[in-house]
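In what follows, a single structure is set out as structure tokens and then discussed.
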Amino acid sequence: MTPTAGLSFKPVHFEQAMACPAEGLWFEVHAENYMVDGGPRLAMLEQLRTRFPLSIHGVGLSLAGVDESDRDHLQKLRQLAERFDPFLLSEHLAWSRHEAASFPDLLPFPRTNEALEIIARNIDIAQETLGRQILIENPSLYLHLKGHEWPESLFLGELVKRTGCGLLIDVNNVFVSASNLGFNPYAYLDALPRGVIGEIHLAGHAPDPLLGRSLLIDSHDAPIAEEVWELYEWLLASCGTHRPPTLIERDDNLPAFEELLDERDRAARMMAEGRRAVAYA
Amino acid sequence: MPDLAAFQRAFAEAILAEGDLVTSFRSEAFAVYRNTSARGAVEALRAAYPTVDMLVGEEMFTRVALDYRRETPPSSPILSDYGRDLPTWLARQPWTSELPYLADVARLDRLWLESFLAADAREGDRARFGAPRVMLHPAARFGWFPTPAMTIWQAHRNPCGIVEIEPEWREERALFTRAGMTVTGHLIDAACHRLLLACAQPVRIEECAASVARAFPNASVPELLRTCVASGAIIIS
């Protein structure tokens, strides 16, 4: 079975997930939640893995951190990947560690030549330790930082060229960043290299409680916005026959499984329709 | 243009700083990062200490968790590890003298979580020794408490809703065991606690039984062993 559209796995939906007959369905989990010694979490994931392809999405490698990646953490990621044999393994273009502190967030940085060298080094170390390619996800941005020497699309493209990594394009993050920082999301997507997108993320966002729509938050607590679906459609069309597996992310304000499955089915239909349209052209 | 190290140092300081001490990043957009980091830490603590959250209420728990984070921010992206020393930190806070059982309840929440995430028993654990040995299951956790913390903990973690209790003020001992997907808490007596202590390292069954019988001549050791095996607290190989 070729994985088409997938869902973030939520343990509360385990029973429905296991019984779900949707063709091409797959699941993604956050690596750090499964870096435990044993018990029900891992047992549940083992069972899920017997039925579905799995993607492992890390949030803790801090690839854009000045310090070299934490080798212990990388080893834990490697053990997880060896145990669950995920078809995708991804991390973020962000940092989250500084000296002894670890921030439960994905932090921004000026995209300089120096940052490019450091991140390329960290991706090399990660891929070497893991013995496989990883995908790098574009972050959602809130702050105008000074000192950028690269636009994000080209920065990601350069990392692909230097390290052989692939890309995970979060379309909602592109939309949120474009809205917050005032750039054209279509131009952003258009500037990405072709054929290297290994996965797409779709999620919901929310206006900042105080500032409203002038600051959008990548909240993962709402259905996917129509503007994000439109952007996704455009990205799919630009991918030609290579349609990257697409994930519906939802972390907060969790609705019924069926509601998430509806969004997932919509993405799967768009992938199939686009593929047909390309085939007929 | 500051280098990446200088930028990250300033940014990290600004996230952890009190109020608006760091002016270089003072903006509403920067607040998103400050809030996300703070919320991530607070919610990790709430997930690890659900009974403490029930006892003090959501708002108070948030304030307490933010105080704790100020002294001890997360040091690892594996957030289930965060706040291991919250129980001892709570015991040191002057305001907890009004709630003398709170730190013990926090210890119980942590033991539950440790049991939930602990390693599985391996087949080798059961068949490693020639003579019959008794050892703790890797997911068994137990402790002694100077307060009736376990009675309070159990009343709040009852699956059918919080139970009204008037606990007798006395020391208690608790045991957590894991079977399949479920971790169960048990109130145990002093003899059972002694038996579990005796099994901290794999020990010959006679030796374990003798040490419990010496300390508790009236206890029925075979019965205790049977109960502990049935609950999954110990493994006999």
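Letters for chains follow the order of the structure tokens (A, B, ...), residue numbers begin at 1 for each chain, and ligand numbers begin at 1 in the order shown.
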Point to revise | Surrounding residues of stretch 159-176 of chain A excluding itself and chain neighbours under 6 positions, 7 Å, only C-alpha atoms, as an MDAnalysis selection string | key: chainID A and resid 120 123:124 133:140 185 196:204 216:218 228 231:232
Exercise for review: Tell me, as JSON, numbers by chain, which residues lie within 10 Å of B:Phe142, counting only C-alpha atoms; anything in the same chain fewer than 4 positions away does not count.
Suggested key: {"B": [108, 111, 112, 115, 173, 174, 175, 176, 177, 185, 186, 187, 188, 193, 196, 197, 233]}
Quick one: write out the picked residues with N, CA and C atoms as an mmCIF file, in the first residue's frame?
data_model
loop_
_atom_site.group_PDB
_atom_site.id
_atom_site.type_symbol
_atom_site.label_atom_id
_atom_site.label_comp_id
_atom_site.auth_asym_id
_atom_site.auth_seq_id
_atom_site.Cartn_x
_atom_site.Cartn_y
_atom_site.Cartn_z
ATOM 1 N N LEU B 108 3.705 10.458 44.566
ATOM 2 C CA LEU B 108 2.876 9.350 44.065
ATOM 3 C C LEU B 108 2.586 9.529 42.567
ATOM 4 N N LEU B 111 5.661 8.403 40.838
ATOM 5 C CA LEU B 111 5.821 6.942 40.833
ATOM 6 C C LEU B 111 4.892 6.304 39.797
ATOM 7 N N TRP B 112 3.656 6.841 39.707
ATOM 8 C CA TRP B 112 2.713 6.331 38.698
ATOM 9 C C TRP B 112 3.330 6.470 37.309
ATOM 10 N N SER B 115 6.194 4.136 36.637
ATOM 11 C CA SER B 115 5.706 2.790 36.378
ATOM 12 C C SER B 115 5.163 2.688 34.943
ATOM 13 N N ARG B 173 1.940 3.454 52.942
ATOM 14 C CA ARG B 173 2.863 2.885 51.970
ATOM 15 C C ARG B 173 2.081 2.565 50.707
ATOM 16 N N ALA B 174 2.725 2.793 49.570
ATOM 17 C CA ALA B 174 2.012 2.605 48.309
ATOM 18 C C ALA B 174 2.845 1.801 47.332
ATOM 19 N N LEU B 175 2.136 1.122 46.452
ATOM 20 C CA LEU B 175 2.787 0.321 45.407
ATOM 21 C C LEU B 175 2.062 0.576 44.093
ATOM 22 N N PHE B 176 2.828 0.729 43.007
ATOM 23 C CA PHE B 176 2.242 0.819 41.665
ATOM 24 C C PHE B 176 2.733 -0.351 40.836
ATOM 25 N N THR B 177 1.791 -0.988 40.164
ATOM 26 C CA THR B 177 2.163 -2.105 39.304
ATOM 27 C C THR B 177 1.548 -1.884 37.933
ATOM 28 N N GLY B 185 -2.577 1.521 41.343
ATOM 29 C CA GLY B 185 -2.013 1.902 42.635
ATOM 30 C C GLY B 185 -2.599 1.051 43.749
ATOM 31 N N HIS B 186 -1.772 0.609 44.690
ATOM 32 C CA HIS B 186 -2.246 -0.204 45.814
ATOM 33 C C HIS B 186 -1.744 0.425 47.115
ATOM 34 N N LEU B 187 -2.617 0.452 48.112
ATOM 35 C CA LEU B 187 -2.195 0.801 49.466
ATOM 36 C C LEU B 187 -1.662 -0.491 50.079
ATOM 37 N N ILE B 188 -0.439 -0.473 50.584
ATOM 38 C CA ILE B 188 0.128 -1.727 51.093
ATOM 39 C C ILE B 188 0.512 -1.575 52.567
ATOM 40 N N HIS B 193 5.699 -3.801 52.189
ATOM 41 C CA HIS B 193 6.749 -2.822 51.878
ATOM 42 C C HIS B 193 8.124 -3.431 52.144
ATOM 43 N N LEU B 196 9.041 -5.899 49.415
ATOM 44 C CA LEU B 196 9.456 -5.243 48.175
ATOM 45 C C LEU B 196 10.884 -4.702 48.305
ATOM 46 N N LEU B 197 11.187 -4.154 49.488
ATOM 47 C CA LEU B 197 12.561 -3.679 49.730
ATOM 48 C C LEU B 197 13.553 -4.831 49.619
ATOM 49 N N ALA B 233 3.933 -7.088 40.960
ATOM 50 C CA ALA B 233 4.988 -6.302 41.605
ATOM 51 C C ALA B 233 6.321 -7.038 41.557
#
Practice item. Could you give me the residues within stretch 1-42 of chain A that DSSP places in helix (DSSP H, G or I), as a ChimeraX atom specification? Key: /A:11-19,31-34,40-42
**Study point:** Counting only C-alpha atoms, chain B residues within 8 Å of chain A, as a PyMOL selection string
**Key:** chain B and resi 1+3-5+7-9+12+29-30+32-33+36-37+40-41+73-80+116-120+180-182
Dump N, CA and C atoms for the selected residues as a short mmCIF file (atom, residue, chain, number, x, y, z; two decimals), in the first residue's frame?
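And here's result.cif as it stands now:
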data_model
loop_
_atom_site.label_atom_id
_atom_site.label_comp_id
_atom_site.auth_asym_id
_atom_site.auth_seq_id
_atom_site.Cartn_x
_atom_site.Cartn_y
_atom_site.Cartn_z
N MET B 1 26.22 42.59 12.59
CA MET B 1 25.47 41.34 12.62
C MET B 1 26.05 40.42 13.69
N ASP B 3 26.91 37.04 15.72
CA ASP B 3 27.00 35.67 15.22
C ASP B 3 25.88 34.83 15.84
N LEU B 4 25.77 33.61 15.35
CA LEU B 4 24.64 32.76 15.76
C LEU B 4 24.68 32.50 17.27
N ALA B 5 25.88 32.28 17.80
CA ALA B 5 26.01 32.00 19.24
C ALA B 5 25.51 33.18 20.07
N PHE B 7 23.47 35.55 19.12
CA PHE B 7 22.03 35.69 18.92
C PHE B 7 21.26 34.72 19.81
N GLN B 8 21.71 33.47 19.82
CA GLN B 8 20.96 32.45 20.59
C GLN B 8 21.09 32.69 22.09
N ARG B 9 22.23 33.18 22.53
CA ARG B 9 22.39 33.47 23.95
C ARG B 9 21.39 34.56 24.36
N ALA B 12 17.76 33.23 24.18
CA ALA B 12 17.45 32.30 25.29
C ALA B 12 17.27 33.07 26.59
N ALA B 29 5.28 39.94 19.01
CA ALA B 29 5.60 38.69 18.32
C ALA B 29 6.57 37.85 19.14
N PHE B 30 7.51 38.53 19.81
CA PHE B 30 8.45 37.77 20.64
C PHE B 30 7.71 37.05 21.76
N VAL B 32 5.11 35.46 21.67
CA VAL B 32 4.65 34.14 21.24
C VAL B 32 5.66 33.08 21.66
N TYR B 33 6.95 33.37 21.46
CA TYR B 33 7.98 32.40 21.83
C TYR B 33 8.07 32.24 23.34
N THR B 36 4.98 30.25 24.42
CA THR B 36 4.99 28.84 23.99
C THR B 36 5.95 28.03 24.88
N SER B 37 7.12 28.60 25.15
CA SER B 37 8.09 27.89 25.99
C SER B 37 7.55 27.70 27.40
N GLY B 40 4.66 25.17 27.35
CA GLY B 40 5.16 23.81 27.15
C GLY B 40 5.63 23.20 28.46
N ALA B 41 6.36 24.01 29.25
CA ALA B 41 6.88 23.51 30.53
C ALA B 41 5.73 23.29 31.52
N PRO B 73 14.26 25.37 34.59
CA PRO B 73 13.65 25.22 33.27
C PRO B 73 13.96 23.83 32.70
N PRO B 74 13.20 23.36 31.72
CA PRO B 74 13.48 22.04 31.15
C PRO B 74 14.92 21.96 30.63
N SER B 75 15.52 20.79 30.76
CA SER B 75 16.89 20.63 30.25
C SER B 75 16.95 19.56 29.17
N SER B 76 15.80 18.98 28.84
CA SER B 76 15.77 17.94 27.80
C SER B 76 14.48 18.07 27.02
N PRO B 77 14.52 17.74 25.72
CA PRO B 77 13.28 17.78 24.94
C PRO B 77 12.32 16.63 25.28
N ILE B 78 12.78 15.67 26.09
CA ILE B 78 11.89 14.58 26.49
C ILE B 78 11.15 15.07 27.74
N LEU B 79 9.94 15.60 27.52
CA LEU B 79 9.29 16.36 28.59
C LEU B 79 8.73 15.47 29.70
N SER B 80 8.58 14.15 29.45
CA SER B 80 8.10 13.29 30.54
C SER B 80 9.15 13.20 31.65
N PHE B 116 4.44 3.73 34.52
CA PHE B 116 3.84 3.76 33.19
C PHE B 116 4.89 3.68 32.08
N LEU B 117 6.04 4.35 32.30
CA LEU B 117 7.05 4.48 31.24
C LEU B 117 8.21 3.49 31.39
N ALA B 118 8.21 2.70 32.47
CA ALA B 118 9.36 1.84 32.75
C ALA B 118 9.49 0.71 31.73
N ALA B 119 10.67 0.09 31.75
CA ALA B 119 10.95 -1.01 30.83
C ALA B 119 9.98 -2.16 31.06
N ASP B 120 9.79 -2.97 30.01
CA ASP B 120 8.98 -4.18 30.13
C ASP B 120 9.83 -5.28 30.75
N GLY B 180 -0.41 -5.07 31.31
CA GLY B 180 -0.96 -4.66 30.01
C GLY B 180 -0.83 -3.16 29.86
N MET B 181 -1.95 -2.48 29.60
CA MET B 181 -1.92 -1.04 29.34
C MET B 181 -2.16 -0.23 30.62
N THR B 182 -2.37 -0.92 31.76
CA THR B 182 -2.85 -0.21 32.94
C THR B 182 -1.87 -0.22 34.10
#
Review point. How many Å lie between atom CA of B:Asp104 and atom CA of B:Pro87, rounded to one decimal?
Key: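 The value is 6.9 Å.
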Exercise for review: Quote the spacing between atom CA of A:Lys10 and atom CA of A:Asp221 in Å to one decimal place.
Suggested key: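 Interatomic distance, atom CA of A:Lys10 to atom CA of A:Asp221: 13.5 Å.
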Practice item. Calculate how many Å separate atom CA of B:Ala14 from atom CA of B:Arg46, rounding to one decimal. Key: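 Separation between atom CA of B:Ala14 and atom CA of B:Arg46: 24.2 Å.
Shortest separation to A:Met271 among A:Leu156, A:Leu48, A:Ala94, A:Ala5 occurs at residue A:Ala5, atoms counted being only C-alpha atoms.
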Exercise for review: Identify all residues of stretch 59-151 of chain A in strand (DSSP E) (DSSP on the backbone) and supply them as a VMD selection string.
Suggested key: chain A and resid 88 to 92 95 to 98 101 to 107 135 to 137
Practice item. For B:Cys208, work out the shell of residues within 12 Å, counting only C-alpha atoms and skipping chain neighbours fewer than 4 positions away, then give it as a PyMOL selection string. Key: chain B and resi 132-136+191-192+194-204+212-215+221-222+224-225+234+236
Go ahead and dump the residues you just picked, N, CA and C atoms, as an mmCIF file, in the first residue's frame.
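Okay, result-v4.cif is ready:
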data_model
loop_
_atom_site.group_PDB
_atom_site.id
_atom_site.type_symbol
_atom_site.label_atom_id
_atom_site.label_comp_id
_atom_site.auth_asym_id
_atom_site.auth_seq_id
_atom_site.Cartn_x
_atom_site.Cartn_y
_atom_site.Cartn_z
ATOM 1 N N PRO B 132 15.361 -20.733 42.456
ATOM 2 C CA PRO B 132 14.288 -19.748 42.352
ATOM 3 C C PRO B 132 14.669 -18.434 43.034
ATOM 4 N N ARG B 133 14.563 -17.369 42.273
ATOM 5 C CA ARG B 133 14.878 -16.041 42.796
ATOM 6 C C ARG B 133 13.636 -15.175 42.661
ATOM 7 N N VAL B 134 13.612 -14.164 43.500
ATOM 8 C CA VAL B 134 12.506 -13.239 43.415
ATOM 9 C C VAL B 134 13.092 -11.850 43.155
ATOM 10 N N MET B 135 12.466 -11.138 42.239
ATOM 11 C CA MET B 135 12.950 -9.792 41.914
ATOM 12 C C MET B 135 11.773 -8.877 41.609
ATOM 13 N N LEU B 136 12.034 -7.575 41.727
ATOM 14 C CA LEU B 136 10.985 -6.602 41.402
ATOM 15 C C LEU B 136 10.732 -6.593 39.899
ATOM 16 N N ALA B 191 4.556 -4.937 56.098
ATOM 17 C CA ALA B 191 5.221 -6.205 55.761
ATOM 18 C C ALA B 191 5.433 -6.310 54.248
ATOM 19 N N CYS B 192 4.430 -5.902 53.488
ATOM 20 C CA CYS B 192 4.542 -5.939 52.026
ATOM 21 C C CYS B 192 5.654 -4.982 51.571
ATOM 22 N N ARG B 194 8.236 -4.139 53.269
ATOM 23 C CA ARG B 194 9.506 -4.800 53.627
ATOM 24 C C ARG B 194 9.879 -5.844 52.578
ATOM 25 N N LEU B 195 8.891 -6.599 52.129
ATOM 26 C CA LEU B 195 9.146 -7.625 51.118
ATOM 27 C C LEU B 195 9.656 -6.992 49.816
ATOM 28 N N LEU B 196 9.041 -5.899 49.415
ATOM 29 C CA LEU B 196 9.456 -5.243 48.175
ATOM 30 C C LEU B 196 10.884 -4.702 48.305
ATOM 31 N N LEU B 197 11.187 -4.154 49.488
ATOM 32 C CA LEU B 197 12.561 -3.679 49.730
ATOM 33 C C LEU B 197 13.553 -4.831 49.619
ATOM 34 N N ALA B 198 13.134 -6.002 50.129
ATOM 35 C CA ALA B 198 14.018 -7.175 50.112
ATOM 36 C C ALA B 198 14.288 -7.664 48.692
ATOM 37 N N CYS B 199 13.392 -7.303 47.748
ATOM 38 C CA CYS B 199 13.550 -7.780 46.360
ATOM 39 C C CYS B 199 14.230 -6.745 45.464
ATOM 40 N N ALA B 200 14.734 -5.673 46.040
ATOM 41 C CA ALA B 200 15.330 -4.608 45.213
ATOM 42 C C ALA B 200 16.400 -5.197 44.288
ATOM 43 N N GLN B 201 17.168 -6.154 44.809
ATOM 44 C CA GLN B 201 18.085 -6.931 43.962
ATOM 45 C C GLN B 201 17.530 -8.347 43.897
ATOM 46 N N PRO B 202 17.758 -9.067 42.763
ATOM 47 C CA PRO B 202 17.279 -10.454 42.715
ATOM 48 C C PRO B 202 17.828 -11.234 43.910
ATOM 49 N N VAL B 203 16.937 -11.941 44.585
ATOM 50 C CA VAL B 203 17.349 -12.600 45.828
ATOM 51 C C VAL B 203 16.710 -13.991 45.874
ATOM 52 N N ARG B 204 17.385 -14.946 46.568
ATOM 53 C CA ARG B 204 16.804 -16.283 46.682
ATOM 54 C C ARG B 204 15.524 -16.180 47.487
ATOM 55 N N VAL B 212 11.685 -10.999 55.691
ATOM 56 C CA VAL B 212 10.367 -10.425 56.005
ATOM 57 C C VAL B 212 9.842 -11.037 57.311
ATOM 58 N N ALA B 213 10.023 -12.351 57.470
ATOM 59 C CA ALA B 213 9.502 -13.038 58.656
ATOM 60 C C ALA B 213 10.194 -12.544 59.925
ATOM 61 N N ARG B 214 11.506 -12.236 59.808
ATOM 62 C CA ARG B 214 12.238 -11.707 60.977
ATOM 63 C C ARG B 214 11.638 -10.376 61.417
ATOM 64 N N ALA B 215 11.366 -9.513 60.455
ATOM 65 C CA ALA B 215 10.855 -8.171 60.796
ATOM 66 C C ALA B 215 9.382 -8.202 61.180
ATOM 67 N N VAL B 221 4.008 -14.775 55.066
ATOM 68 C CA VAL B 221 4.889 -14.451 53.947
ATOM 69 C C VAL B 221 4.449 -15.135 52.635
ATOM 70 N N PRO B 222 4.058 -16.436 52.673
ATOM 71 C CA PRO B 222 3.607 -17.054 51.417
ATOM 72 C C PRO B 222 2.434 -16.283 50.793
ATOM 73 N N LEU B 224 1.777 -13.084 51.211
ATOM 74 C CA LEU B 224 2.323 -11.824 50.675
ATOM 75 C C LEU B 224 2.972 -12.040 49.315
ATOM 76 N N LEU B 225 3.758 -13.112 49.222
ATOM 77 C CA LEU B 225 4.442 -13.410 47.957
ATOM 78 C C LEU B 225 3.415 -13.646 46.845
ATOM 79 N N ILE B 234 6.274 -8.361 41.693
ATOM 80 C CA ILE B 234 7.522 -9.131 41.688
ATOM 81 C C ILE B 234 7.434 -10.282 40.693
ATOM 82 N N ILE B 236 8.989 -14.192 40.026
ATOM 83 C CA ILE B 236 9.769 -15.306 40.588
ATOM 84 C C ILE B 236 10.305 -16.119 39.416
#
**Study point:** Shell around stretch 82-84 of chain A at 12 Å using only C-alpha atoms, local window under 2 positions removed, as a ChimeraX atom specification
**Key:** /A:27-29,31,34-35,42-50,52-56,75-80,86-89,129-132
N, CA and C atoms of the current selection, written as an mmCIF file, in the first residue's frame:
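Output file part17.cif follows:
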data_model
loop_
_atom_site.group_PDB
_atom_site.id
_atom_site.type_symbol
_atom_site.label_atom_id
_atom_site.label_comp_id
_atom_site.auth_asym_id
_atom_site.auth_seq_id
_atom_site.Cartn_x
_atom_site.Cartn_y
_atom_site.Cartn_z
ATOM 1 N N PHE A 27 0.310 7.052 9.819
ATOM 2 C CA PHE A 27 0.310 7.860 11.037
ATOM 3 C C PHE A 27 1.696 8.430 11.319
ATOM 4 N N GLU A 28 1.671 9.578 11.989
ATOM 5 C CA GLU A 28 2.931 10.208 12.406
ATOM 6 C C GLU A 28 2.917 10.430 13.911
ATOM 7 N N VAL A 29 4.076 10.225 14.539
ATOM 8 C CA VAL A 29 4.203 10.486 15.982
ATOM 9 C C VAL A 29 5.415 11.375 16.237
ATOM 10 N N ALA A 31 8.741 11.932 17.979
ATOM 11 C CA ALA A 31 9.753 11.002 18.483
ATOM 12 C C ALA A 31 9.891 11.074 20.004
ATOM 13 N N TYR A 34 8.036 9.013 22.533
ATOM 14 C CA TYR A 34 8.253 7.557 22.537
ATOM 15 C C TYR A 34 9.675 7.198 22.976
ATOM 16 N N MET A 35 10.425 8.202 23.443
ATOM 17 C CA MET A 35 11.770 7.925 23.959
ATOM 18 C C MET A 35 11.633 7.526 25.425
ATOM 19 N N LEU A 42 4.771 2.438 23.946
ATOM 20 C CA LEU A 42 5.506 1.724 22.904
ATOM 21 C C LEU A 42 4.707 0.517 22.414
ATOM 22 N N ALA A 43 3.984 -0.129 23.353
ATOM 23 C CA ALA A 43 3.200 -1.315 22.968
ATOM 24 C C ALA A 43 2.112 -0.913 21.959
ATOM 25 N N MET A 44 1.489 0.231 22.216
ATOM 26 C CA MET A 44 0.442 0.721 21.329
ATOM 27 C C MET A 44 1.013 1.036 19.942
ATOM 28 N N LEU A 45 2.185 1.659 19.952
ATOM 29 C CA LEU A 45 2.810 2.021 18.678
ATOM 30 C C LEU A 45 3.209 0.772 17.889
ATOM 31 N N GLU A 46 3.661 -0.253 18.611
ATOM 32 C CA GLU A 46 3.984 -1.531 17.952
ATOM 33 C C GLU A 46 2.757 -2.062 17.218
ATOM 34 N N GLN A 47 1.621 -2.017 17.924
ATOM 35 C CA GLN A 47 0.392 -2.539 17.309
ATOM 36 C C GLN A 47 -0.010 -1.701 16.106
ATOM 37 N N LEU A 48 0.063 -0.397 16.255
ATOM 38 C CA LEU A 48 -0.291 0.501 15.154
ATOM 39 C C LEU A 48 0.597 0.220 13.931
ATOM 40 N N ARG A 49 1.879 -0.014 14.221
ATOM 41 C CA ARG A 49 2.857 -0.229 13.147
ATOM 42 C C ARG A 49 2.576 -1.510 12.366
ATOM 43 N N THR A 50 1.915 -2.503 13.020
ATOM 44 C CA THR A 50 1.609 -3.741 12.298
ATOM 45 C C THR A 50 0.541 -3.482 11.229
ATOM 46 N N PHE A 52 -0.138 -0.049 9.849
ATOM 47 C CA PHE A 52 0.028 1.160 9.047
ATOM 48 C C PHE A 52 1.497 1.552 8.887
ATOM 49 N N PRO A 53 1.792 2.251 7.763
ATOM 50 C CA PRO A 53 3.115 2.887 7.682
ATOM 51 C C PRO A 53 3.197 3.995 8.732
ATOM 52 N N LEU A 54 4.404 4.223 9.212
ATOM 53 C CA LEU A 54 4.597 5.179 10.301
ATOM 54 C C LEU A 54 5.656 6.201 9.909
ATOM 55 N N SER A 55 5.423 7.442 10.341
ATOM 56 C CA SER A 55 6.413 8.500 10.165
ATOM 57 C C SER A 55 6.825 8.991 11.548
ATOM 58 N N ILE A 56 8.116 9.206 11.742
ATOM 59 C CA ILE A 56 8.600 9.706 13.037
ATOM 60 C C ILE A 56 9.098 11.137 12.839
ATOM 61 N N GLN A 75 21.066 9.076 19.410
ATOM 62 C CA GLN A 75 21.057 7.617 19.585
ATOM 63 C C GLN A 75 19.653 7.119 19.912
ATOM 64 N N LYS A 76 18.943 7.893 20.744
ATOM 65 C CA LYS A 76 17.575 7.495 21.081
ATOM 66 C C LYS A 76 16.703 7.523 19.837
ATOM 67 N N LEU A 77 16.916 8.523 18.994
ATOM 68 C CA LEU A 77 16.149 8.620 17.753
ATOM 69 C C LEU A 77 16.473 7.426 16.843
ATOM 70 N N ARG A 78 17.754 7.078 16.822
ATOM 71 C CA ARG A 78 18.171 5.941 15.994
ATOM 72 C C ARG A 78 17.512 4.641 16.482
ATOM 73 N N GLN A 79 17.487 4.465 17.808
ATOM 74 C CA GLN A 79 16.864 3.248 18.352
ATOM 75 C C GLN A 79 15.386 3.171 17.992
ATOM 76 N N LEU A 80 14.714 4.319 18.077
ATOM 77 C CA LEU A 80 13.287 4.348 17.708
ATOM 78 C C LEU A 80 13.115 3.987 16.238
ATOM 79 N N PRO A 86 10.303 3.573 10.337
ATOM 80 C CA PRO A 86 9.386 4.550 9.737
ATOM 81 C C PRO A 86 9.717 4.785 8.260
ATOM 82 N N PHE A 87 8.691 5.054 7.452
ATOM 83 C CA PHE A 87 8.972 5.356 6.029
ATOM 84 C C PHE A 87 9.419 6.801 5.866
ATOM 85 N N LEU A 88 9.165 7.639 6.876
ATOM 86 C CA LEU A 88 9.643 9.025 6.859
ATOM 87 C C LEU A 88 10.219 9.345 8.236
ATOM 88 N N LEU A 89 11.264 10.194 8.219
ATOM 89 C CA LEU A 89 11.874 10.626 9.483
ATOM 90 C C LEU A 89 12.206 12.102 9.299
ATOM 91 N N THR A 129 24.492 9.375 11.726
ATOM 92 C CA THR A 129 24.160 8.548 12.890
ATOM 93 C C THR A 129 22.937 7.681 12.607
ATOM 94 N N LEU A 130 21.955 8.265 11.915
ATOM 95 C CA LEU A 130 20.709 7.540 11.672
ATOM 96 C C LEU A 130 20.851 6.576 10.496
ATOM 97 N N GLY A 131 21.863 6.810 9.688
ATOM 98 C CA GLY A 131 22.076 5.946 8.522
ATOM 99 C C GLY A 131 20.982 6.095 7.476
ATOM 100 N N ARG A 132 20.388 7.280 7.399
ATOM 101 C CA ARG A 132 19.340 7.488 6.398
ATOM 102 C C ARG A 132 19.084 8.977 6.224
#
Skip B:Asp53 itself and residues of its chain fewer than 6 positions away, then list as an mmCIF file with N, CA and C atoms, in the first residue's frame all residues within 12 Å of it, counting only C-alpha atoms.
data_model
loop_
_atom_site.group_PDB
_atom_site.id
_atom_site.type_symbol
_atom_site.label_atom_id
_atom_site.label_comp_id
_atom_site.auth_asym_id
_atom_site.auth_seq_id
_atom_site.Cartn_x
_atom_site.Cartn_y
_atom_site.Cartn_z
ATOM 1 N N VAL B 42 4.820 24.252 31.605
ATOM 2 C CA VAL B 42 3.707 24.145 32.553
ATOM 3 C C VAL B 42 2.838 22.928 32.227
ATOM 4 N N GLU B 43 2.520 22.749 30.953
ATOM 5 C CA GLU B 43 1.638 21.632 30.578
ATOM 6 C C GLU B 43 2.340 20.283 30.750
ATOM 7 N N ALA B 44 3.661 20.260 30.569
ATOM 8 C CA ALA B 44 4.400 19.011 30.823
ATOM 9 C C ALA B 44 4.289 18.644 32.304
ATOM 10 N N LEU B 45 4.394 19.659 33.181
ATOM 11 C CA LEU B 45 4.274 19.392 34.620
ATOM 12 C C LEU B 45 2.852 18.960 34.974
ATOM 13 N N ARG B 46 1.867 19.623 34.346
ATOM 14 C CA ARG B 46 0.475 19.271 34.639
ATOM 15 C C ARG B 46 0.197 17.819 34.221
ATOM 16 N N ALA B 47 0.768 17.421 33.073
ATOM 17 C CA ALA B 47 0.555 16.042 32.607
ATOM 18 C C ALA B 47 1.231 15.041 33.538
ATOM 19 N N GLU B 59 -5.647 27.068 38.052
ATOM 20 C CA GLU B 59 -4.997 28.390 38.088
ATOM 21 C C GLU B 59 -3.782 28.390 39.020
ATOM 22 N N MET B 60 -3.994 27.825 40.200
ATOM 23 C CA MET B 60 -2.914 27.753 41.190
ATOM 24 C C MET B 60 -1.778 26.879 40.654
ATOM 25 N N PHE B 61 -2.138 25.768 39.997
ATOM 26 C CA PHE B 61 -1.092 24.879 39.483
ATOM 27 C C PHE B 61 -0.227 25.630 38.483
ATOM 28 N N THR B 62 -0.867 26.425 37.620
ATOM 29 C CA THR B 62 -0.113 27.188 36.624
ATOM 30 C C THR B 62 0.885 28.119 37.315
ATOM 31 N N ARG B 63 0.435 28.817 38.371
ATOM 32 C CA ARG B 63 1.347 29.735 39.087
ATOM 33 C C ARG B 63 2.509 28.971 39.718
ATOM 34 N N VAL B 64 2.177 27.847 40.341
ATOM 35 C CA VAL B 64 3.210 27.035 40.990
ATOM 36 C C VAL B 64 4.212 26.513 39.951
ATOM 37 N N ALA B 65 3.682 26.043 38.815
ATOM 38 C CA ALA B 65 4.548 25.484 37.774
ATOM 39 C C ALA B 65 5.465 26.569 37.197
ATOM 40 N N LEU B 102 0.774 17.462 50.173
ATOM 41 C CA LEU B 102 0.873 17.765 48.739
ATOM 42 C C LEU B 102 2.151 17.199 48.090
ATOM 43 N N VAL B 105 1.775 13.532 47.626
ATOM 44 C CA VAL B 105 0.896 13.223 46.489
ATOM 45 C C VAL B 105 1.674 13.414 45.185
ATOM 46 N N ALA B 106 2.507 14.444 45.126
ATOM 47 C CA ALA B 106 3.342 14.659 43.934
ATOM 48 C C ALA B 106 4.291 13.473 43.728
ATOM 49 N N ASP B 109 2.291 10.761 42.148
ATOM 50 C CA ASP B 109 2.089 11.000 40.714
ATOM 51 C C ASP B 109 3.340 10.598 39.926
ATOM 52 N N TRP B 153 -4.567 10.321 47.171
ATOM 53 C CA TRP B 153 -4.277 10.084 45.747
ATOM 54 C C TRP B 153 -5.350 9.187 45.130
ATOM 55 N N HIS B 156 -8.700 10.720 44.468
ATOM 56 C CA HIS B 156 -8.763 11.629 43.316
ATOM 57 C C HIS B 156 -8.591 10.917 41.996
ATOM 58 N N ARG B 157 -7.975 9.754 42.009
ATOM 59 C CA ARG B 157 -7.723 9.051 40.745
ATOM 60 C C ARG B 157 -8.755 7.956 40.504
#
